[in-house]
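Have a look at start-v1.csv below; it lists CSV, C-alpha atoms and all ligand atoms.
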chain,number,residue,atom,x,y,z
Q,1,MET,CA,74.0,93.8,88.0
Q,2,LYS,CA,73.3,90.1,87.9
Q,3,ILE,CA,73.9,88.4,91.3
Q,4,VAL,CA,74.0,84.8,92.4
Q,5,ALA,CA,73.6,84.4,96.2
Q,6,LEU,CA,74.5,81.2,97.9
Q,7,ALA,CA,72.4,80.6,101.0
Q,8,GLY,CA,71.7,78.2,103.9
Q,9,GLY,CA,68.7,78.8,106.1
Q,10,VAL,CA,68.1,81.7,108.5
Q,11,GLY,CA,71.2,83.9,107.8
Q,12,GLY,CA,71.1,83.3,104.1
Q,13,ALA,CA,67.3,83.9,103.9
Q,14,LYS,CA,67.6,87.3,105.5
Q,15,LEU,CA,70.3,88.5,103.1
Q,16,ALA,CA,68.5,87.0,100.1
Q,17,HIS,CA,65.4,89.0,101.2
Q,18,GLY,CA,67.6,92.2,101.4
Q,19,LEU,CA,69.0,91.6,98.0
Q,20,ALA,CA,65.5,91.0,96.6
Q,21,GLN,CA,64.6,94.5,97.8
Q,22,VAL,CA,67.5,96.2,95.9
Q,23,LEU,CA,67.7,94.1,92.7
Q,24,PRO,CA,65.2,93.5,90.0
Q,25,PRO,CA,64.0,89.9,90.2
Q,26,GLU,CA,65.5,88.9,86.9
Q,27,ASP,CA,68.9,89.9,88.2
Q,28,LEU,CA,68.9,87.7,91.3
Q,29,THR,CA,69.3,83.9,91.6
Q,30,VAL,CA,69.5,82.3,95.0
Q,31,ILE,CA,71.1,78.8,95.2
Q,32,VAL,CA,70.1,77.1,98.4
Q,33,ASN,CA,71.8,74.3,100.4
Q,34,THR,CA,69.9,71.0,100.4
Q,35,GLY,CA,72.5,69.0,102.4
Q,36,ASP,CA,70.2,69.2,105.5
Q,37,ASP,CA,67.2,67.8,103.7
Q,38,PHE,CA,65.8,64.7,105.2
Q,39,GLU,CA,62.7,62.4,105.3
Q,40,HIS,CA,60.4,62.4,108.3
Q,41,TYR,CA,57.0,60.9,108.6
Q,42,GLY,CA,57.5,59.8,105.0
Q,43,LEU,CA,57.7,63.4,103.9
Q,44,TYR,CA,60.6,65.0,102.0
Q,45,ILE,CA,61.6,68.1,104.0
Q,46,CYS,CA,64.0,70.8,102.8
Q,47,PRO,CA,64.6,73.1,105.8
Q,48,ASP,CA,66.9,75.7,104.1
Q,49,LEU,CA,64.9,75.9,100.9
Q,50,ASP,CA,61.7,76.4,102.8
Q,51,THR,CA,63.2,79.0,105.1
Q,52,VAL,CA,64.5,81.0,102.1
Q,53,CYS,CA,61.2,80.8,100.2
Q,54,TYR,CA,59.0,81.6,103.3
Q,55,THR,CA,61.3,84.6,104.1
Q,56,LEU,CA,61.2,85.9,100.5
Q,57,ALA,CA,57.4,85.4,100.4
Q,58,GLY,CA,56.9,87.2,103.7
Q,59,LEU,CA,55.5,84.0,105.2
Q,60,ALA,CA,58.3,83.2,107.7
Q,61,ASN,CA,57.9,83.3,111.4
Q,62,PRO,CA,59.7,86.5,112.4
Q,63,ASP,CA,60.5,85.2,115.9
Q,64,THR,CA,62.3,82.0,114.9
Q,65,GLY,CA,63.4,82.9,111.4
Q,66,TRP,CA,62.2,79.4,110.3
Q,67,GLY,CA,58.7,78.0,109.8
Q,68,ARG,CA,55.6,79.9,109.0
Q,69,VAL,CA,54.1,82.9,110.6
Q,70,ASP,CA,50.7,82.4,112.4
Q,71,GLU,CA,51.4,78.6,112.5
Q,72,THR,CA,49.4,76.0,114.4
Q,73,TRP,CA,50.6,72.6,115.5
Q,74,THR,CA,47.5,70.4,115.5
Q,75,VAL,CA,48.9,67.6,113.4
Q,76,ILE,CA,52.2,67.1,115.1
Q,77,GLU,CA,50.6,67.3,118.6
Q,78,ASN,CA,48.1,64.6,117.6
Q,79,ALA,CA,50.8,62.5,116.0
Q,80,SER,CA,52.8,62.9,119.2
Q,81,LEU,CA,49.9,61.8,121.3
Q,82,LEU,CA,49.9,58.6,119.3
Q,83,GLY,CA,53.6,58.0,120.1
Q,84,GLY,CA,55.0,59.7,116.9
Q,85,PRO,CA,58.3,61.6,117.1
Q,86,ASP,CA,57.9,65.3,117.8
Q,87,TRP,CA,61.6,66.4,118.1
Q,88,PHE,CA,61.3,68.0,114.6
Q,89,ARG,CA,58.4,70.5,114.9
Q,90,LEU,CA,56.2,70.4,111.7
Q,91,GLY,CA,53.6,73.1,111.7
Q,92,ASP,CA,50.2,72.6,110.0
Q,93,LYS,CA,50.8,75.2,107.2
Q,94,ASP,CA,54.4,74.0,106.8
Q,95,LEU,CA,53.1,70.4,106.4
Q,96,GLY,CA,51.1,71.4,103.3
Q,97,THR,CA,54.5,72.3,101.7
Q,98,HIS,CA,56.0,68.9,102.6
Q,99,LEU,CA,52.9,67.0,101.5
Q,100,GLU,CA,52.7,68.6,98.1
Q,101,ARG,CA,56.5,68.4,97.5
Q,102,THR,CA,56.6,64.7,98.5
Q,103,ARG,CA,53.6,63.9,96.3
Q,104,ARG,CA,55.2,65.5,93.2
Q,105,LEU,CA,58.6,64.0,93.9
Q,106,LYS,CA,57.0,60.5,94.1
Q,107,GLU,CA,55.4,61.2,90.7
Q,108,GLY,CA,58.9,61.7,89.4
Q,109,ASP,CA,59.1,65.5,89.3
Q,110,SER,CA,62.3,67.3,90.1
Q,111,LEU,CA,63.0,69.4,93.2
Q,112,SER,CA,63.9,72.4,91.1
Q,113,ASN,CA,60.6,72.2,89.1
Q,114,ILE,CA,58.7,71.9,92.3
Q,115,THR,CA,60.5,74.8,93.9
Q,116,ARG,CA,59.9,77.0,90.8
Q,117,ASP,CA,56.1,76.3,91.0
Q,118,PHE,CA,56.0,76.9,94.7
Q,119,CYS,CA,57.7,80.2,94.2
Q,120,ILE,CA,55.1,81.2,91.6
Q,121,ALA,CA,52.3,80.2,94.0
Q,122,TRP,CA,53.9,82.3,96.8
Q,123,GLY,CA,54.5,85.3,94.5
Q,124,ILE,CA,58.3,85.0,94.6
Q,125,LYS,CA,59.6,86.6,91.3
Q,126,LEU,CA,63.3,86.0,91.6
Q,127,THR,CA,64.9,82.6,90.9
Q,128,VAL,CA,65.4,80.2,93.8
Q,129,LEU,CA,67.2,77.0,93.0
Q,130,PRO,CA,68.0,74.0,95.2
Q,131,MET,CA,71.8,73.3,94.8
Q,132,SER,CA,70.9,70.0,93.2
Q,133,ASP,CA,68.0,67.8,92.2
Q,134,GLN,CA,69.9,64.8,93.5
Q,135,PRO,CA,69.9,64.2,97.3
Q,136,VAL,CA,73.1,65.2,99.1
Q,137,ARG,CA,73.2,64.4,102.8
Q,138,THR,CA,75.3,66.3,105.3
Q,139,MET,CA,76.7,63.9,107.9
Q,140,VAL,CA,78.3,65.2,111.1
Q,141,GLU,CA,81.2,63.3,112.5
Q,142,THR,CA,81.0,63.7,116.3
Q,143,ASP,CA,82.6,62.2,119.4
Q,144,GLU,CA,79.4,60.1,119.6
Q,145,GLY,CA,79.8,58.8,116.1
Q,146,GLU,CA,78.4,60.0,112.8
Q,147,LEU,CA,75.0,61.7,112.9
Q,148,ALA,CA,72.7,62.7,110.1
Q,149,PHE,CA,72.5,66.5,110.1
Q,150,GLN,CA,69.0,67.0,111.6
Q,151,GLU,CA,69.7,64.3,114.2
Q,152,TYR,CA,72.7,66.4,115.3
Q,153,PHE,CA,71.2,69.8,114.8
Q,154,VAL,CA,67.6,69.4,116.1
Q,155,ASN,CA,67.3,66.2,118.0
Q,156,ARG,CA,70.7,66.4,119.7
Q,157,ARG,CA,70.6,70.2,119.9
Q,158,CYS,CA,74.2,70.4,118.5
Q,159,GLU,CA,75.5,68.9,121.8
Q,160,PRO,CA,77.9,66.2,120.5
Q,161,LYS,CA,81.4,67.5,119.8
Q,162,VAL,CA,82.1,68.0,116.1
Q,163,LYS,CA,85.1,66.2,114.5
Q,164,GLY,CA,84.3,66.8,110.8
Q,165,PHE,CA,81.7,66.7,108.1
Q,166,ARG,CA,80.9,64.4,105.2
Q,167,PHE,CA,78.5,65.1,102.3
Q,168,ASP,CA,77.0,61.9,101.2
Q,169,ASN,CA,76.5,61.6,97.4
Q,170,VAL,CA,78.1,65.0,96.7
Q,171,ASP,CA,80.3,63.5,94.0
Q,172,LYS,CA,77.3,62.2,92.1
Q,173,ALA,CA,75.0,65.2,92.6
Q,174,LYS,CA,74.8,67.6,89.6
Q,175,PRO,CA,74.0,71.3,90.0
Q,176,ALA,CA,70.3,72.0,89.6
Q,177,PRO,CA,69.3,73.0,86.0
Q,178,GLY,CA,70.1,76.7,85.6
Q,179,ALA,CA,72.7,77.0,88.4
Q,180,LYS,CA,75.8,76.8,86.3
Q,181,GLU,CA,74.3,79.2,83.7
Q,182,ALA,CA,73.4,81.7,86.4
Q,183,ILE,CA,77.0,81.6,87.7
Q,184,GLN,CA,78.5,81.9,84.3
Q,185,THR,CA,76.4,85.0,83.5
Q,186,ALA,CA,76.6,86.6,87.0
Q,187,ASP,CA,78.5,89.8,87.6
Q,188,ALA,CA,79.2,88.7,91.2
Q,189,ILE,CA,78.6,86.0,93.6
Q,190,VAL,CA,77.5,86.7,97.2
Q,191,ILE,CA,78.1,84.1,99.9
Q,192,CYS,CA,75.5,84.9,102.5
Q,193,PRO,CA,76.2,84.9,106.2
Q,194,SER,CA,75.3,81.2,106.5
Q,195,ASN,CA,77.2,78.4,108.3
Q,196,PRO,CA,80.3,77.9,106.2
Q,197,TRP,CA,80.7,74.2,107.2
Q,198,VAL,CA,77.2,72.9,106.7
Q,199,SER,CA,75.3,75.4,104.6
Q,200,ILE,CA,77.9,76.9,102.2
Q,201,ASP,CA,80.5,74.1,101.7
Q,202,PRO,CA,77.9,71.6,100.3
Q,203,ILE,CA,76.8,74.2,97.7
Q,204,LEU,CA,80.4,75.0,96.8
Q,205,LYS,CA,81.2,71.3,96.4
Q,206,VAL,CA,78.1,70.6,94.2
Q,207,ILE,CA,78.5,73.6,91.9
Q,208,SER,CA,82.3,73.1,91.8
Q,209,LEU,CA,82.8,76.8,92.4
Q,210,THR,CA,86.4,77.7,91.8
Q,211,PRO,CA,87.9,81.2,91.8
Q,212,ASN,CA,87.3,81.4,88.1
Q,213,PRO,CA,84.0,79.7,87.2
Q,214,LEU,CA,83.7,81.4,83.9
Q,215,PRO,CA,84.2,79.3,80.7
Q,216,PRO,CA,87.3,79.7,78.6
Q,217,GLY,CA,86.9,82.5,76.1
Q,218,ASP,CA,84.7,84.7,78.4
Q,219,VAL,CA,86.4,88.1,78.6
Q,220,ARG,CA,85.8,88.3,82.3
Q,221,ARG,CA,87.6,85.0,83.0
Q,222,ASP,CA,91.0,86.5,83.4
Q,223,LYS,CA,89.7,89.2,85.6
Q,224,GLY,CA,87.5,86.9,87.6
Q,225,ILE,CA,84.2,88.0,89.0
Q,226,PRO,CA,83.8,89.4,92.5
Q,227,ILE,CA,82.9,86.7,95.0
Q,228,VAL,CA,82.1,88.4,98.3
Q,229,ALA,CA,81.3,86.7,101.5
Q,230,VAL,CA,79.5,88.0,104.6
Q,231,SER,CA,80.6,86.6,108.0
Q,232,PRO,CA,78.1,84.7,110.0
Q,233,ILE,CA,80.4,85.1,113.0
Q,234,VAL,CA,80.3,88.5,114.5
Q,235,GLY,CA,82.4,89.5,117.5
Q,236,GLY,CA,83.7,86.0,117.8
Q,237,GLN,CA,80.2,84.5,118.2
Q,238,ALA,CA,77.6,83.1,115.8
Q,239,VAL,CA,74.5,85.3,115.6
Q,240,LYS,CA,72.6,82.0,115.8
Q,241,GLY,CA,73.3,78.3,115.7
Q,242,PRO,CA,76.4,76.2,116.1
Q,243,ALA,CA,78.9,77.9,113.7
Q,244,ALA,CA,81.2,79.2,116.4
Q,245,LYS,CA,80.9,76.0,118.4
Q,246,MET,CA,81.9,74.1,115.3
Q,247,TYR,CA,85.0,76.2,114.7
Q,248,SER,CA,86.1,75.8,118.4
Q,249,GLU,CA,85.6,72.0,118.4
Q,250,LEU,CA,87.6,71.8,115.2
Q,251,GLY,CA,90.4,73.6,116.9
Q,252,ILE,CA,90.0,76.9,115.2
Q,253,GLU,CA,89.3,80.1,117.2
Q,254,PRO,CA,85.9,81.3,116.0
Q,255,SER,CA,86.1,84.8,114.4
Q,256,ALA,CA,85.3,86.6,111.2
Q,257,PHE,CA,88.9,86.1,110.3
Q,258,ALA,CA,88.4,82.3,110.6
Q,259,VAL,CA,85.5,82.6,108.2
Q,260,ALA,CA,87.5,84.7,105.8
Q,261,LYS,CA,90.3,82.1,105.9
Q,262,HIS,CA,87.6,79.4,105.1
Q,263,TYR,CA,86.9,81.3,101.9
Q,264,ALA,CA,90.4,82.5,101.1
Q,265,GLY,CA,91.4,81.6,97.5
Q,266,LEU,CA,87.8,81.6,96.5
Q,267,GLY,CA,86.4,84.9,97.7
Q,268,ASN,CA,88.0,88.2,96.7
Q,269,GLY,CA,85.8,90.4,98.9
Q,270,PHE,CA,84.8,90.1,102.5
Q,271,ILE,CA,82.1,92.0,104.5
Q,272,LEU,CA,83.2,92.5,108.1
Q,273,ASP,CA,80.8,93.7,110.8
Q,274,GLN,CA,81.7,97.0,112.2
Q,275,ILE,CA,82.4,95.5,115.6
Q,276,ASP,CA,85.1,93.4,113.9
Q,277,SER,CA,86.8,96.3,112.2
Q,278,GLN,CA,90.1,95.6,114.0
Q,279,LEU,CA,90.3,92.4,111.8
Q,280,THR,CA,90.5,94.5,108.6
Q,281,LYS,CA,94.3,94.2,108.3
Q,282,SER,CA,94.5,90.5,108.9
Q,283,VAL,CA,91.7,89.7,106.4
Q,284,ARG,CA,93.4,91.9,103.8
Q,285,GLY,CA,96.5,89.7,104.4
Q,286,LEU,CA,94.4,86.9,102.9
Q,287,ASN,CA,94.2,88.8,99.6
Q,288,MET,CA,90.6,90.0,100.1
Q,289,GLN,CA,89.2,93.4,99.8
Q,290,ILE,CA,87.2,94.5,102.8
Q,291,CYS,CA,83.9,96.3,103.4
Q,292,VAL,CA,83.2,97.2,107.0
Q,293,THR,CA,79.5,97.7,107.8
Q,294,ASN,CA,76.6,96.6,110.0
Q,295,THR,CA,75.9,93.0,109.2
Q,296,LEU,CA,73.4,92.3,112.0
Q,297,MET,CA,70.0,92.0,110.2
Q,298,LYS,CA,67.6,92.8,113.0
Q,299,SER,CA,65.0,94.5,110.9
Q,300,HIS,CA,63.9,94.5,107.2
Q,301,ASP,CA,65.7,97.8,106.8
Q,302,ASP,CA,69.0,96.2,108.1
Q,303,ARG,CA,68.6,93.6,105.4
Q,304,LYS,CA,68.1,96.1,102.7
Q,305,LEU,CA,71.0,98.4,103.9
Q,306,LEU,CA,73.4,95.5,104.0
Q,307,ALA,CA,72.3,94.4,100.5
Q,308,SER,CA,72.9,97.8,99.1
Q,309,ASP,CA,76.3,98.1,100.9
Q,310,ILE,CA,77.2,94.8,99.3
Q,311,LEU,CA,76.2,96.0,95.8
Q,312,ASP,CA,78.3,99.2,96.3
Q,313,PHE,CA,81.2,97.1,97.5
Q,314,ILE,CA,81.0,94.8,94.5
Q,315,GLY,CA,81.5,97.8,92.2
Q,316,GLU,CA,84.8,98.4,94.0
Q,317,VAL,CA,86.1,94.8,94.1
Q,318,VAL,CA,88.6,94.1,91.3
Q,401,LIG,P1,70.5,77.6,109.2
Q,401,LIG,O1,70.5,76.5,108.2
Q,401,LIG,O2,69.1,78.0,109.6
Q,401,LIG,O3,71.4,77.4,110.4
Q,401,LIG,O4,71.0,78.8,108.4
Q,401,LIG,P2,72.2,79.5,107.9
Q,401,LIG,O5,73.4,78.6,107.8
Q,401,LIG,O6,71.9,80.3,106.7
Q,401,LIG,O7,72.4,80.5,109.1
Q,401,LIG,C1,73.1,80.3,110.2
Q,401,LIG,C2,74.2,81.3,110.3
Q,401,LIG,O8,73.7,82.6,110.0
Q,401,LIG,C3,74.7,81.4,111.7
Q,401,LIG,O9,76.1,81.1,111.7
Q,401,LIG,C4,74.4,82.8,112.2
Q,401,LIG,O10,75.5,83.3,112.9
Q,401,LIG,C5,74.3,83.6,110.9
Q,401,LIG,N1,73.4,84.7,111.0
Q,401,LIG,C6,72.0,84.7,111.3
Q,401,LIG,N2,71.5,85.9,111.3
Q,401,LIG,C7,72.6,86.8,111.0
Q,401,LIG,C8,72.7,88.2,110.8
Q,401,LIG,O11,71.7,88.9,111.0
Q,401,LIG,N3,73.9,88.7,110.5
Q,401,LIG,C9,75.0,87.9,110.3
Q,401,LIG,N4,76.2,88.4,109.9
Q,401,LIG,N5,74.9,86.5,110.4
Q,401,LIG,C10,73.7,86.0,110.8

In structure tokens, what does this structure look like?
Amino acid sequence: MKIVALAGGVGGAKLAHGLAQVLPPEDLTVIVNTGDDFEHYGLYICPDLDTVCYTLAGLANPDTGWGRVDETWTVIENASLLGGPDWFRLGDKDLGTHLERTRRLKEGDSLSNITRDFCIAWGIKLTVLPMSDQPVRTMVETDEGELAFQEYFVNRRCEPKVKGFRFDNVDKAKPAPGAKEAIQTADAIVICPSNPWVSIDPILKVISLTPNPLPPGDVRRDKGIPIVAVSPIVGGQAVKGPAAKMYSELGIEPSAFAVAKHYAGLGNGFILDQIDSQLTKSVRGLNMQICVTNTLMKSHDDRKLLASDILDFIGEVV
């Protein structure tokens, strides 16, 4: 079964890793958000892409979910001593990634080529694609004005009140080479439990994902392929990060139902955490089929179990 997974950082990376344990690598493509990429110390940094790759390669820090395991911080500490900014923590190993990526980008290479080569070097066999080779920048409209995503997320610790989002350059950005083809030949699309506003929406916009992404003439077009989403909001709260806070500040009660509504019309399947099983009826009312299971990926086994539940569920979604 060929699967395309759409992923942001930590939540997306964990499910991508689970899917990688239950699918052969040639059957899995992960398309990753690059809306929160930015330049810092002259380096081109792709936080979500790196989180996904480090997680798939077994190189991620298991405590934070982002950054590298067994990391040291000599460079950033010394830069900070000289007055350099240290609000965005760049570990020494991690810096190697940014240095080499920036060097190749400056030579004119594309982000998708570089990502492919990094995956080979890290022993990742499945396909990981940035959503686009052209930069898209997520801007957060707040009560303190518009902030670049990392400024809001890391430097301001998500404190300003969110009023909306804008994705700079999204209309000009093309899907990365291979992304459209992967979607057209996929048996199903999995929307990982990533932040719907700032991790998944930019991908959906860039790849113009509609309920029927298959080309005219494809026999599956009329039927549509299953598009199943996993809620990043469990029991009314985000497992991590500002997703629930964003819903509240936008005047929407945070819940798995709110996430389902976010994807209604696009997704035809929804994975509800078992503690949200009481929402089954209301999510069904959005014309989505439901799978109730444990979605909290605390261990590697949890990731794999969730991934195999999703594959079983996909077989039932019509
Ligand atoms: P970020 O760019 O690192 O913030 O990454 P994502 O957008 O991929 O992930 C953030 C979202 O993942 C948050 O809204 C979390 O609630 C959600 N998340 C993280 N871990 C889990 C998990 O184990 N299960 C579920 N259901 N959601 C999770």

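From atom N3 of ligand LIG 401 (chain Q) back to CA of Met1 in chain Q, the distance works out to 23.1 Å.
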
Which residues are near Ile207 in chain Q? Cut-off 8 Å, all atoms listed in the file, ignore same chain within fewer than 5 positions. Put them as a VMD selection string. chain Q and resid 131 174 to 175 179 to 180

Pick out the residues no farther than 9 Å from ligand LIG 401 (chain Q), counting only C-alpha atoms and all ligand atoms, and list them as a VMD selection string. chain Q and resid 7 to 15 33 36 47 to 48 51 to 52 65 to 66 153 192 to 200 230 to 234 237 to 244 271 to 273 294 to 299 302 to 303

Any idea what's packed within 7 Å of Leu6 in chain Q, counting all atoms listed in the file, ignoring anything in its chain fewer than 3 positions away? Could you give it as a ChimeraX atom specification? /Q:30-32,190-192,200

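Atom pair CA of His262 in chain Q / CA of Phe167 in chain Q has a distance of 17.2 Å (rounded to one decimal).
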
Minimum-distance residue to Asp94 in chain Q, chosen among Q:Ile114, Q:Ile120, Q:Val69, Q:Ile314 (using only C-alpha atoms):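 The shortest atom-to-atom distance to Asp94 in chain Q comes from Q:Val69.
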
From the set Q:Phe257, Q:Phe38, Q:Phe313, Q:Tyr152, which residue has the shortest atom-to-atom contact distance to Asp276 in chain Q, counting all atoms listed in the file? Q:Phe257

Kindly extract all protein, DNA and RNA residues lying within 10 Å of the coordinates (80.6, 98.1, 97.5) given in the file, considering only C-alpha atoms, and supply them as a PyMOL selection string. chain Q and resi 228+269+271+290-292+307-317

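Atom to atom, CA of Glu141 in chain Q and CA of Asp171 in chain Q stand 18.5 Å apart.
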
Determine the nearest neighbour of Lys161 in chain Q from the options Q:Lys261, Q:His17, Q:Lys281, Q:Lys245, counting all atoms listed in the file.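 Once distances to Lys161 in chain Q are computed over all atoms listed in the file, the minimum belongs to Q:Lys245.
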
For Ser277 in chain Q, the closest of Q:Asp92, Q:Pro254, Q:Gly235, Q:Ala182 counting all atoms listed in the file is Q:Gly235

Using only C-alpha atoms: which of Q:Ala229, Q:Asn268, Q:Tyr44, Q:His300 has the shortest distance to Gly285 in chain Q: Q:Asn268

Nearest-residue call for Leu23 in chain Q, choices Q:Met246, Q:Asp133, Q:Ala173, Q:Lys304, using only C-alpha atoms: Q:Lys304

For Leu209 in chain Q: contacts at 10 Å, only C-alpha atoms, fewer than 6 positions along chain excluded, given as a count of residues only: 5

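At a cut-off of 7 Å from (70.1, 87.4, 89.4), the residue set is Lys2, Ile3, Val4, Pro25, Glu26, Asp27, Leu28, Thr29 and Ala186 of chain Q (counting all atoms listed in the file).
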